[in-house]
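Printed here is start-v3.txt (compact mmCIF, C-alpha atoms and all ligand atoms):
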# COMPACT_ATOMS: atom_id res chain seq x y z
CA MET K 35 104.28 131.72 87.13
CA TYR K 36 101.79 129.45 88.92
CA GLU K 37 98.81 131.16 90.53
CA PRO K 38 97.98 129.60 93.94
CA GLY K 39 94.24 130.25 93.51
CA LEU K 40 94.18 128.58 90.12
CA GLU K 41 96.31 125.73 91.35
CA ARG K 42 93.83 125.04 94.13
CA ILE K 43 90.98 124.91 91.60
CA GLU K 44 92.94 122.46 89.47
CA ILE K 45 93.76 120.26 92.45
CA GLU K 46 90.13 120.24 93.54
CA LEU K 47 89.03 119.31 90.02
CA LEU K 48 91.58 116.53 89.85
CA LEU K 49 90.47 115.11 93.20
CA GLU K 50 86.81 115.39 92.20
CA GLY K 51 87.54 113.56 88.95
CA VAL K 52 89.48 110.82 90.73
CA PHE K 53 86.63 110.36 93.18
CA ARG K 54 83.90 110.26 90.53
CA HIS K 55 85.75 108.06 88.11
CA TYR K 56 87.65 105.68 90.43
CA GLY K 57 85.87 106.08 93.79
CA PHE K 58 89.02 107.06 95.72
CA ASP K 59 88.18 110.04 97.85
CA PHE K 60 91.18 112.21 98.66
CA ARG K 61 89.11 115.41 98.72
CA SER K 62 89.52 115.88 102.48
CA TYR K 63 93.17 114.95 102.80
CA ALA K 64 95.49 117.55 104.30
CA TYR K 65 96.14 120.04 101.48
CA ALA K 66 99.85 120.88 101.85
CA SER K 67 101.00 117.27 101.85
CA LEU K 68 98.61 116.39 99.02
CA ARG K 69 99.90 119.26 96.91
CA ARG K 70 103.53 118.27 97.47
CA ARG K 71 102.85 114.69 96.41
CA LEU K 72 100.90 115.70 93.33
CA TRP K 73 103.76 117.91 92.20
CA LYS K 74 106.23 115.11 92.67
CA ARG K 75 104.18 112.96 90.31
CA ILE K 76 103.76 115.87 87.84
CA GLU K 77 107.51 116.33 87.71
CA THR K 78 108.30 112.61 87.46
CA GLU K 79 105.97 112.34 84.48
CA GLY K 80 107.55 115.37 82.80
CA LEU K 81 104.28 117.32 82.94
CA SER K 82 103.90 120.96 83.85
CA THR K 83 100.41 121.48 85.28
CA VAL K 84 97.96 119.79 87.63
CA SER K 85 95.44 119.76 84.78
CA ALA K 86 97.85 117.78 82.62
CA LEU K 87 98.11 115.21 85.38
CA GLN K 88 94.33 115.14 85.65
CA ASP K 89 94.08 114.33 81.94
CA ARG K 90 96.55 111.45 82.29
CA VAL K 91 95.01 110.05 85.46
CA LEU K 92 91.46 110.03 84.17
CA HIS K 93 92.37 108.28 80.92
CA ASP K 94 94.96 105.85 82.19
CA PRO K 95 94.19 103.50 85.13
CA GLU K 96 97.92 102.73 85.42
CA MET K 97 98.57 106.38 86.21
CA MET K 98 95.82 106.19 88.83
CA ASN K 99 97.67 103.27 90.44
CA LYS K 100 100.85 105.31 90.56
CA LEU K 101 99.01 108.26 92.06
CA LEU K 102 97.39 106.00 94.62
CA LEU K 103 100.82 104.88 95.75
CA ASP K 104 102.01 108.50 95.85
CA LEU K 105 99.06 109.67 97.91
CA SER K 106 98.74 106.80 100.29
CA ILE K 107 102.17 107.15 101.95
CA ASN K 108 102.95 103.63 103.03
CA VAL K 109 105.97 104.23 105.26
CA THR K 110 105.93 101.75 108.11
CA ALA K 111 108.16 99.53 110.26
CA MET K 112 108.01 96.51 112.51
CA PHE K 113 107.57 97.40 116.18
CA ARG K 114 107.43 101.07 115.14
CA ASP K 115 107.63 103.20 118.31
CA PRO K 116 108.76 100.25 120.48
CA GLN K 117 107.48 101.86 123.68
CA PHE K 118 103.96 101.59 122.27
CA TYR K 119 104.30 97.79 122.32
CA VAL K 120 105.74 97.80 125.85
CA THR K 121 102.70 99.74 127.05
CA PHE K 122 100.37 97.54 125.03
CA ARG K 123 101.80 94.48 126.79
CA GLU K 124 101.49 96.10 130.21
CA LYS K 125 98.13 97.78 129.92
CA VAL K 126 96.08 96.15 127.17
CA VAL K 127 97.19 92.51 127.28
CA PRO K 128 95.83 91.95 130.85
CA MET K 129 92.45 93.14 129.64
CA LEU K 130 92.57 90.88 126.57
CA ARG K 131 93.34 87.94 128.85
CA THR K 132 89.89 88.30 130.37
CA TYR K 133 88.25 87.63 126.98
CA PRO K 134 87.82 84.11 125.59
CA PHE K 135 87.90 85.61 122.10
CA PHE K 136 88.63 89.07 120.73
CA ARG K 137 88.81 90.98 117.47
CA ILE K 138 91.52 93.42 116.42
CA TRP K 139 91.33 95.78 113.47
CA HIS K 140 94.47 97.31 111.92
CA ALA K 141 93.01 100.17 109.88
CA GLY K 142 95.57 101.49 107.38
CA CYS K 143 97.91 98.51 107.80
CA SER K 144 100.11 99.37 104.81
CA THR K 145 102.47 96.49 103.93
CA GLY K 146 101.64 94.66 107.16
CA GLU K 147 104.65 95.28 109.42
CA GLU K 148 102.35 96.45 112.23
CA VAL K 149 100.17 93.36 111.82
CA TYR K 150 103.10 90.94 112.06
CA SER K 151 104.42 92.84 115.08
CA MET K 152 101.08 92.47 116.86
CA ALA K 153 100.81 88.80 115.87
CA ILE K 154 104.25 88.17 117.40
CA LEU K 155 103.29 90.02 120.58
CA LEU K 156 100.04 88.06 120.93
CA GLU K 157 101.83 84.80 120.25
CA GLU K 158 104.38 85.55 122.97
CA GLU K 159 101.63 86.46 125.41
CA GLY K 160 99.81 83.18 124.68
CA LEU K 161 96.84 85.06 123.23
CA TYR K 162 97.17 84.51 119.52
CA GLU K 163 94.70 81.61 119.40
CA ARG K 164 91.97 83.82 120.85
CA ALA K 165 92.48 86.61 118.34
CA ARG K 166 90.83 87.34 115.01
CA VAL K 167 92.78 90.06 113.25
CA TYR K 168 91.40 92.17 110.41
CA ALA K 169 93.98 94.20 108.54
CA THR K 170 92.83 96.70 105.95
CA ASP K 171 94.18 99.42 103.73
CA ILE K 172 92.82 101.57 100.91
CA ASN K 173 95.65 100.43 98.68
CA GLU K 174 95.36 96.95 97.15
CA VAL K 175 99.05 96.83 96.20
CA VAL K 176 100.21 97.13 99.80
CA VAL K 177 97.58 94.66 101.03
CA HIS K 178 98.90 92.16 98.51
CA LYS K 179 102.46 92.73 99.76
CA ALA K 180 101.34 92.33 103.35
CA LYS K 181 99.87 88.91 102.57
CA SER K 182 103.16 87.72 101.09
CA GLY K 183 104.95 88.02 104.44
CA ILE K 184 108.20 89.00 102.74
CA PHE K 185 110.05 92.04 104.04
CA PRO K 186 113.37 93.60 103.04
CA ILE K 187 116.22 91.72 104.65
CA ASP K 188 118.21 94.92 105.06
CA ARG K 189 115.71 96.19 107.60
CA MET K 190 115.98 93.15 109.88
CA GLN K 191 118.66 94.69 112.05
CA GLU K 192 116.52 97.75 112.73
CA TYR K 193 113.48 95.52 113.37
CA THR K 194 115.45 93.28 115.71
CA GLU K 195 116.45 96.34 117.75
CA ASN K 196 112.85 97.55 117.79
CA TYR K 197 111.65 94.09 118.81
CA ILE K 198 114.03 93.99 121.78
CA LYS K 199 113.05 97.51 122.87
CA ALA K 200 109.39 96.54 122.45
CA GLY K 201 109.80 93.85 125.11
CA GLY K 202 110.23 90.89 122.73
CA LYS K 203 110.68 87.65 124.62
CA ARG K 204 112.45 85.41 122.13
CA SER K 205 114.99 85.79 119.41
CA PHE K 206 113.53 87.84 116.55
CA SER K 207 115.21 85.62 113.97
CA GLU K 208 112.94 82.74 115.05
CA TYR K 209 110.12 84.40 113.17
CA TYR K 210 111.62 84.54 109.70
CA THR K 211 113.85 82.74 107.26
CA ALA K 212 116.12 84.53 104.84
CA LYS K 213 115.03 83.96 101.25
CA TYR K 214 116.89 85.60 98.34
CA ASP K 215 117.06 89.24 99.42
CA GLY K 216 113.95 89.02 101.57
CA ALA K 217 112.95 87.82 105.01
CA LEU K 218 109.99 85.45 104.82
CA PHE K 219 107.93 85.54 108.00
CA SER K 220 106.33 82.44 109.43
CA PRO K 221 102.92 81.85 107.78
CA ALA K 222 101.66 80.66 111.20
CA LEU K 223 101.57 84.35 112.19
CA LEU K 224 98.85 84.88 109.60
CA LYS K 225 96.65 81.95 110.63
CA ASN K 226 94.10 84.24 112.28
CA VAL K 227 94.60 87.28 110.07
CA VAL K 228 92.33 88.44 107.26
CA PHE K 229 93.69 91.13 104.94
CA SER K 230 91.37 93.15 102.74
CA GLN K 231 90.98 96.44 100.97
CA HIS K 232 88.89 98.95 102.93
CA ASN K 233 88.58 102.68 102.52
CA LEU K 234 88.14 104.58 105.78
CA VAL K 235 86.61 107.51 103.93
CA THR K 236 83.90 105.75 101.99
CA ASP K 237 83.41 102.26 103.47
CA ARG K 238 81.40 101.32 106.54
CA SER K 239 82.35 99.34 109.59
CA PHE K 240 82.26 95.59 109.13
CA SER K 241 82.33 94.17 112.66
CA GLU K 242 82.62 94.98 116.35
CA PHE K 243 86.18 95.14 117.63
CA ASN K 244 87.91 94.97 121.01
CA VAL K 245 90.97 96.80 119.69
CA ILE K 246 91.37 99.18 116.77
CA LEU K 247 94.82 100.33 115.73
CA CYS K 248 94.87 103.20 113.30
CA ARG K 249 98.37 104.55 113.57
CA ASN K 250 99.88 107.20 111.32
CA VAL K 251 96.87 107.43 109.02
CA LEU K 252 94.68 110.24 110.39
CA ILE K 253 97.62 112.61 110.18
CA TYR K 254 97.01 112.78 106.43
CA PHE K 255 93.33 113.74 106.81
CA ASP K 256 91.84 117.17 107.43
CA LYS K 257 89.89 117.83 110.65
CA GLY K 258 86.48 117.03 109.18
CA LEU K 259 87.60 113.73 107.80
CA GLN K 260 89.41 112.81 111.03
CA GLU K 261 86.17 113.41 112.89
CA ARG K 262 84.24 111.20 110.50
CA VAL K 263 86.74 108.39 110.93
CA HIS K 264 86.62 108.82 114.73
CA GLY K 265 82.87 108.31 114.40
CA LEU K 266 83.47 105.11 112.46
CA PHE K 267 85.87 103.83 115.12
CA TYR K 268 83.52 104.77 117.94
CA GLU K 269 80.70 102.80 116.29
CA SER K 270 83.00 99.86 115.59
CA LEU K 271 84.44 99.48 119.11
CA ALA K 272 82.88 97.33 121.80
CA THR K 273 82.43 99.00 125.21
CA PHE K 274 85.84 99.11 126.92
CA GLY K 275 87.39 98.57 123.51
CA VAL K 276 90.82 100.06 122.92
CA LEU K 277 91.76 102.64 120.30
CA ALA K 278 95.43 103.14 119.42
CA LEU K 279 96.55 106.11 117.34
CA GLY K 280 99.91 107.23 115.98
CA SER K 281 102.37 109.28 118.01
CA LYS K 282 101.39 112.55 116.33
CA GLU K 283 97.66 111.87 116.47
CA SER K 284 95.15 112.21 119.29
CA LEU K 285 91.50 112.46 120.25
CA ARG K 286 91.95 116.03 121.44
CA PHE K 287 89.44 118.45 119.96
CA SER K 288 87.30 115.56 118.79
CA LYS K 289 83.72 115.39 120.03
CA TYR K 290 84.44 111.74 120.86
CA GLU K 291 87.17 112.65 123.35
CA SER K 292 84.79 112.45 126.32
CA CYS K 293 83.71 108.93 125.31
CA TYR K 294 87.21 107.59 125.99
CA GLU K 295 89.62 107.51 128.88
CA SER K 296 93.33 107.60 128.30
CA ILE K 297 95.24 104.40 128.98
CA SER K 298 98.54 106.00 128.02
CA ALA K 299 98.76 109.61 126.86
CA PRO K 300 102.27 109.38 125.35
CA ASP K 301 101.46 106.15 123.51
CA LYS K 302 98.06 107.41 122.35
CA ILE K 303 96.14 104.43 123.70
CA TYR K 304 92.52 105.05 124.73
CA ARG K 305 89.67 102.98 126.12
CA LYS K 306 86.05 103.56 125.12
CA VAL K 307 84.07 104.09 128.30
CA LYS K 308 80.68 105.32 127.06
C1 LIG J 401 101.95 105.71 106.99
S1 LIG J 401 101.02 104.26 106.68
C2 LIG J 401 100.79 103.66 108.33
C3 LIG J 401 101.03 102.18 108.44
C4 LIG J 401 101.00 101.62 109.86
N1 LIG J 401 99.70 101.80 110.45
C5 LIG J 401 102.07 102.23 110.71
O1 LIG J 401 101.76 103.03 111.60
O2 LIG J 401 103.24 101.95 110.49
C6 LIG J 401 99.45 104.96 106.26
C7 LIG J 401 98.54 103.97 105.55
O3 LIG J 401 97.21 104.51 105.52
C8 LIG J 401 96.62 104.09 104.33
N2 LIG J 401 95.47 104.95 104.01
C9 LIG J 401 95.47 106.23 103.55
N3 LIG J 401 94.22 106.63 103.32
C10 LIG J 401 93.40 105.58 103.67
C11 LIG J 401 91.99 105.40 103.66
N4 LIG J 401 91.18 106.36 103.23
N5 LIG J 401 91.50 104.21 104.07
C12 LIG J 401 92.33 103.21 104.48
N6 LIG J 401 93.67 103.34 104.51
C13 LIG J 401 94.20 104.51 104.11
C14 LIG J 401 97.75 104.22 103.32
O4 LIG J 401 97.51 103.46 102.15
C15 LIG J 401 98.95 103.75 104.11
O5 LIG J 401 99.24 102.40 103.87
Please lay out the structure from this file as structure tokens.
Ligand SMILES: C[S@@+](CC[C@H](N)C(=O)[O-])C[C@H]1O[C@@H](n2cnc3c(N)ncnc32)[C@H](O)[C@@H]1O
Amino acid sequence: MYEPGLERIEIELLLEGVFRHYGFDFRSYAYASLRRRLWKRIETEGLSTVSALQDRVLHDPEMMNKLLLDLSINVTAMFRDPQFYVTFREKVVPMLRTYPFFRIWHAGCSTGEEVYSMAILLEEEGLYERARVYATDINEVVVHKAKSGIFPIDRMQEYTENYIKAGGKRSFSEYYTAKYDGALFSPALLKNVVFSQHNLVTDRSFSEFNVILCRNVLIYFDKGLQERVHGLFYESLATFGVLALGSKESLRFSKYESCYESISAPDKIYRKVK
């Protein structure tokens, strides 16, 4: 019989060890989801306690890599929530047109689907040349995948539908060529994109941005950590800069809420006004 109090101590010790040994700080991630993912790894490895996993993780960097993948939940899609992109075209693009040059940060970009989607949108709006795009994630493995520009061919139908619903102006198949069992996206879409590893919990801002997209990342953080990351975004946004969050995320209850006005409440798009 597992004692919940003891289990919590073990989980906290594991997270503390991971932070001190590897520098990955999951200590303020939402507990229930963290616990579920740890147990999945414990069972896959044929272990029976959190402490046993701690032992393995601290002595085997390969196990740390596995755990990093487990904890960093990389689910994503091209033109995810298509309506978001429709609204972005209608409400944010006109503002971007007024800038000779602008910077976009995709924080928590996972395997890059969101970055390619935005690159396609900017290209179709004639704005790509003015953009510098920074795409970051805590997880080096996904950043590496993102750079490759290869996505599963069996998702192209879903992505084509999303693209059309998102207001796409061409034929989606113009952007990729089928290669083996993958779809290789045009390298031209990456001309102005820089991918790198960046940890929202421990790393600082690295530039001033006109748009920050951080979609479906904060949902995994506890309130305190969300607030810290909102502080990081606030500091990193230019005045009138745009912040885009995921559909289940918002600025409500954050002390930064009053510093933004809502551009679209359902699409979670905000503009920094003070
Ligand atoms: C569910 S994906 C979201 C991908 C994309 N933004 C989207 O909405 O489709 C969440 C991403 O956040 C990243 N992530 C989690 N914790 C992070 C942190 N502390 N710093 C940077 N990225 C983090 C994960 O590695 C994962 O790739």
Pick out the residues no farther than 9 Å from ligand LIG 401 (chain J), counting all atoms listed in the file, and list them as a PyMOL selection string.
-> chain K and resi 58-60+63+102-103+105-115+140-149+170-174+176-177+231-237+247-255+279-281
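Interatomic distance, CA of Gly57 in chain K to CA of Lys257 in chain K: 20.9 Å.
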Just the residues within 9 Å of Glu261 in chain K, please, counting only C-alpha atoms, with nothing from its chain fewer than 6 positions along; format it as JSON, numbers by chain.
-> {"K": [288, 289, 290]}
Given all atoms listed in the file, how would the per-residue table for range 91-157 of chain K near range 44-54 of chain K read, listing every residue at most 10 Å away with its closest atom pair and distance in Å to one decimal, sorted by chain and number, as a Markdown table?
| residue | atom | partner | partner_atom | distance |
| --- | --- | --- | --- | --- |
| K:Val91 | CA | K:Val52 | CA | 7.7 |
| K:Leu92 | CA | K:Val52 | CA | 6.9 |
| K:Met98 | CA | K:Val52 | CA | 8.1 |
| K:Leu101 | CA | K:Val52 | CA | 10.0 |
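Straight-line separation from CA of Ser298 in chain K to CA of Thr132 in chain K: 19.8 Å.
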Give me the residues within 12 Å of range 190-207 of chain K as a ChimeraX atom specification, counting all atoms listed in the file and dropping any in the same chain fewer than 3 places off.
-> /K:110-124,147-148,150-160,184-187,210-212,215-220
Using all atoms listed in the file, which residues sit within 8 Å of Arg166 in chain K once same-chain residues fewer than 2 positions away are excluded, as a list in words?
-> Phe135, Phe136, Arg137, Ile138, Arg164, Tyr168, Asn226, Val227 and Val228 of chain K
Preceding selection exported with C-alpha atoms as an mmCIF file, in the coordinates of the input:
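So result22.cif came out as:
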data_model
loop_
_atom_site.group_PDB
_atom_site.id
_atom_site.type_symbol
_atom_site.label_atom_id
_atom_site.label_comp_id
_atom_site.auth_asym_id
_atom_site.auth_seq_id
_atom_site.Cartn_x
_atom_site.Cartn_y
_atom_site.Cartn_z
ATOM 1 C CA PHE K 135 87.900 85.610 122.100
ATOM 2 C CA PHE K 136 88.630 89.070 120.730
ATOM 3 C CA ARG K 137 88.810 90.980 117.470
ATOM 4 C CA ILE K 138 91.520 93.420 116.420
ATOM 5 C CA ARG K 164 91.970 83.820 120.850
ATOM 6 C CA TYR K 168 91.400 92.170 110.410
ATOM 7 C CA ASN K 226 94.100 84.240 112.280
ATOM 8 C CA VAL K 227 94.600 87.280 110.070
ATOM 9 C CA VAL K 228 92.330 88.440 107.260
#
Nearest to Ala165 in chain K: which of K:Ser292, K:Asn244, K:Ser230, K:Ser62 is it, counting all atoms listed in the file?
->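 Of all the options, K:Asn244 lies closest to Ala165 in chain K.
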Build an axis-aligned box that encloses every atom of range 258-263 of chain K listed in the file, pad it by 6 Å on each side, and report its centre and edge lengths in Å to one decimal, as lines of an AutoDock Vina configuration file.
center_x = 86.8
center_y = 112.7
center_z = 110.3
size_x = 17.2
size_y = 20.6
size_z = 17.1
Which residue of K:Tyr36, K:Asp94, K:Ser67, K:Arg75 approaches His55 in chain K most closely, using only C-alpha atoms = K:Asp94
Could you state the separation of CA of Phe287 in chain K and CA of Val127 in chain K in Å, given to one decimal place?
-> 28.0 Å
Counting only C-alpha atoms, the residue of K:Lys100, K:Pro128, K:Gln260, K:Leu223 that sits nearest Glu208 in chain K =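 That would be K:Leu223, the residue with the smallest distance to Glu208 in chain K.
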Name the residues in contact with Gly275 in chain K at a cut-off of 9 Å, using only C-alpha atoms, excluding same-chain residues fewer than 2 positions from it; report them as a ChimeraX atom specification.
-> /K:243-246,271-273,277,304-307
Of the candidates K:Asp256, K:Tyr133, K:Lys181, K:Ser239, which shows the shortest atom-to-atom distance to Tyr65 in chain K, using all atoms listed in the file?
->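 Among the listed residues, the smallest separation from Tyr65 in chain K belongs to K:Asp256.
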Since the input lacks atoms, please generate N, CA, C and O atoms for range 151-163 of chain K and provide them as an mmCIF file, in the coordinates of the input.
data_model
loop_
_atom_site.group_PDB
_atom_site.id
_atom_site.type_symbol
_atom_site.label_atom_id
_atom_site.label_comp_id
_atom_site.auth_asym_id
_atom_site.auth_seq_id
_atom_site.Cartn_x
_atom_site.Cartn_y
_atom_site.Cartn_z
ATOM 1 N N SER K 151 103.916 92.483 113.751
ATOM 2 C CA SER K 151 104.420 92.840 115.080
ATOM 3 C C SER K 151 103.397 92.451 116.140
ATOM 4 O O SER K 151 103.747 91.861 117.170
ATOM 5 N N MET K 152 102.127 92.782 115.885
ATOM 6 C CA MET K 152 101.080 92.470 116.860
ATOM 7 C C MET K 152 100.883 90.961 116.964
ATOM 8 O O MET K 152 100.693 90.427 118.070
ATOM 9 N N ALA K 153 100.968 90.257 115.840
ATOM 10 C CA ALA K 153 100.810 88.800 115.870
ATOM 11 C C ALA K 153 101.916 88.172 116.731
ATOM 12 O O ALA K 153 101.660 87.270 117.532
ATOM 13 N N ILE K 154 103.128 88.685 116.593
ATOM 14 C CA ILE K 154 104.250 88.170 117.400
ATOM 15 C C ILE K 154 103.996 88.450 118.875
ATOM 16 O O ILE K 154 104.146 87.585 119.738
ATOM 17 N N LEU K 155 103.563 89.664 119.183
ATOM 18 C CA LEU K 155 103.290 90.020 120.580
ATOM 19 C C LEU K 155 102.216 89.096 121.169
ATOM 20 O O LEU K 155 102.374 88.546 122.259
ATOM 21 N N LEU K 156 101.138 88.902 120.419
ATOM 22 C CA LEU K 156 100.040 88.060 120.930
ATOM 23 C C LEU K 156 100.488 86.616 121.110
ATOM 24 O O LEU K 156 100.137 85.954 122.087
ATOM 25 N N GLU K 157 101.285 86.157 120.171
ATOM 26 C CA GLU K 157 101.830 84.800 120.250
ATOM 27 C C GLU K 157 102.671 84.655 121.535
ATOM 28 O O GLU K 157 102.513 83.698 122.287
ATOM 29 N N GLU K 158 103.516 85.636 121.791
ATOM 30 C CA GLU K 158 104.380 85.550 122.970
ATOM 31 C C GLU K 158 103.600 85.670 124.271
ATOM 32 O O GLU K 158 104.046 85.190 125.313
ATOM 33 N N GLU K 159 102.446 86.324 124.205
ATOM 34 C CA GLU K 159 101.630 86.460 125.410
ATOM 35 C C GLU K 159 100.634 85.305 125.544
ATOM 36 O O GLU K 159 99.766 85.321 126.420
ATOM 37 N N GLY K 160 100.713 84.346 124.620
ATOM 38 C CA GLY K 160 99.810 83.180 124.680
ATOM 39 C C GLY K 160 98.377 83.523 124.310
ATOM 40 O O GLY K 160 97.438 82.832 124.700
ATOM 41 N N LEU K 161 98.196 84.615 123.545
ATOM 42 C CA LEU K 161 96.840 85.060 123.230
ATOM 43 C C LEU K 161 96.465 84.904 121.760
ATOM 44 O O LEU K 161 95.332 85.182 121.373
ATOM 45 N N TYR K 162 97.422 84.487 120.963
ATOM 46 C CA TYR K 162 97.170 84.510 119.520
ATOM 47 C C TYR K 162 95.944 83.671 119.126
ATOM 48 O O TYR K 162 95.143 84.075 118.295
ATOM 49 N N GLU K 163 95.803 82.514 119.776
ATOM 50 C CA GLU K 163 94.700 81.610 119.400
ATOM 51 C C GLU K 163 93.337 82.237 119.633
ATOM 52 O O GLU K 163 92.358 81.865 118.993
#
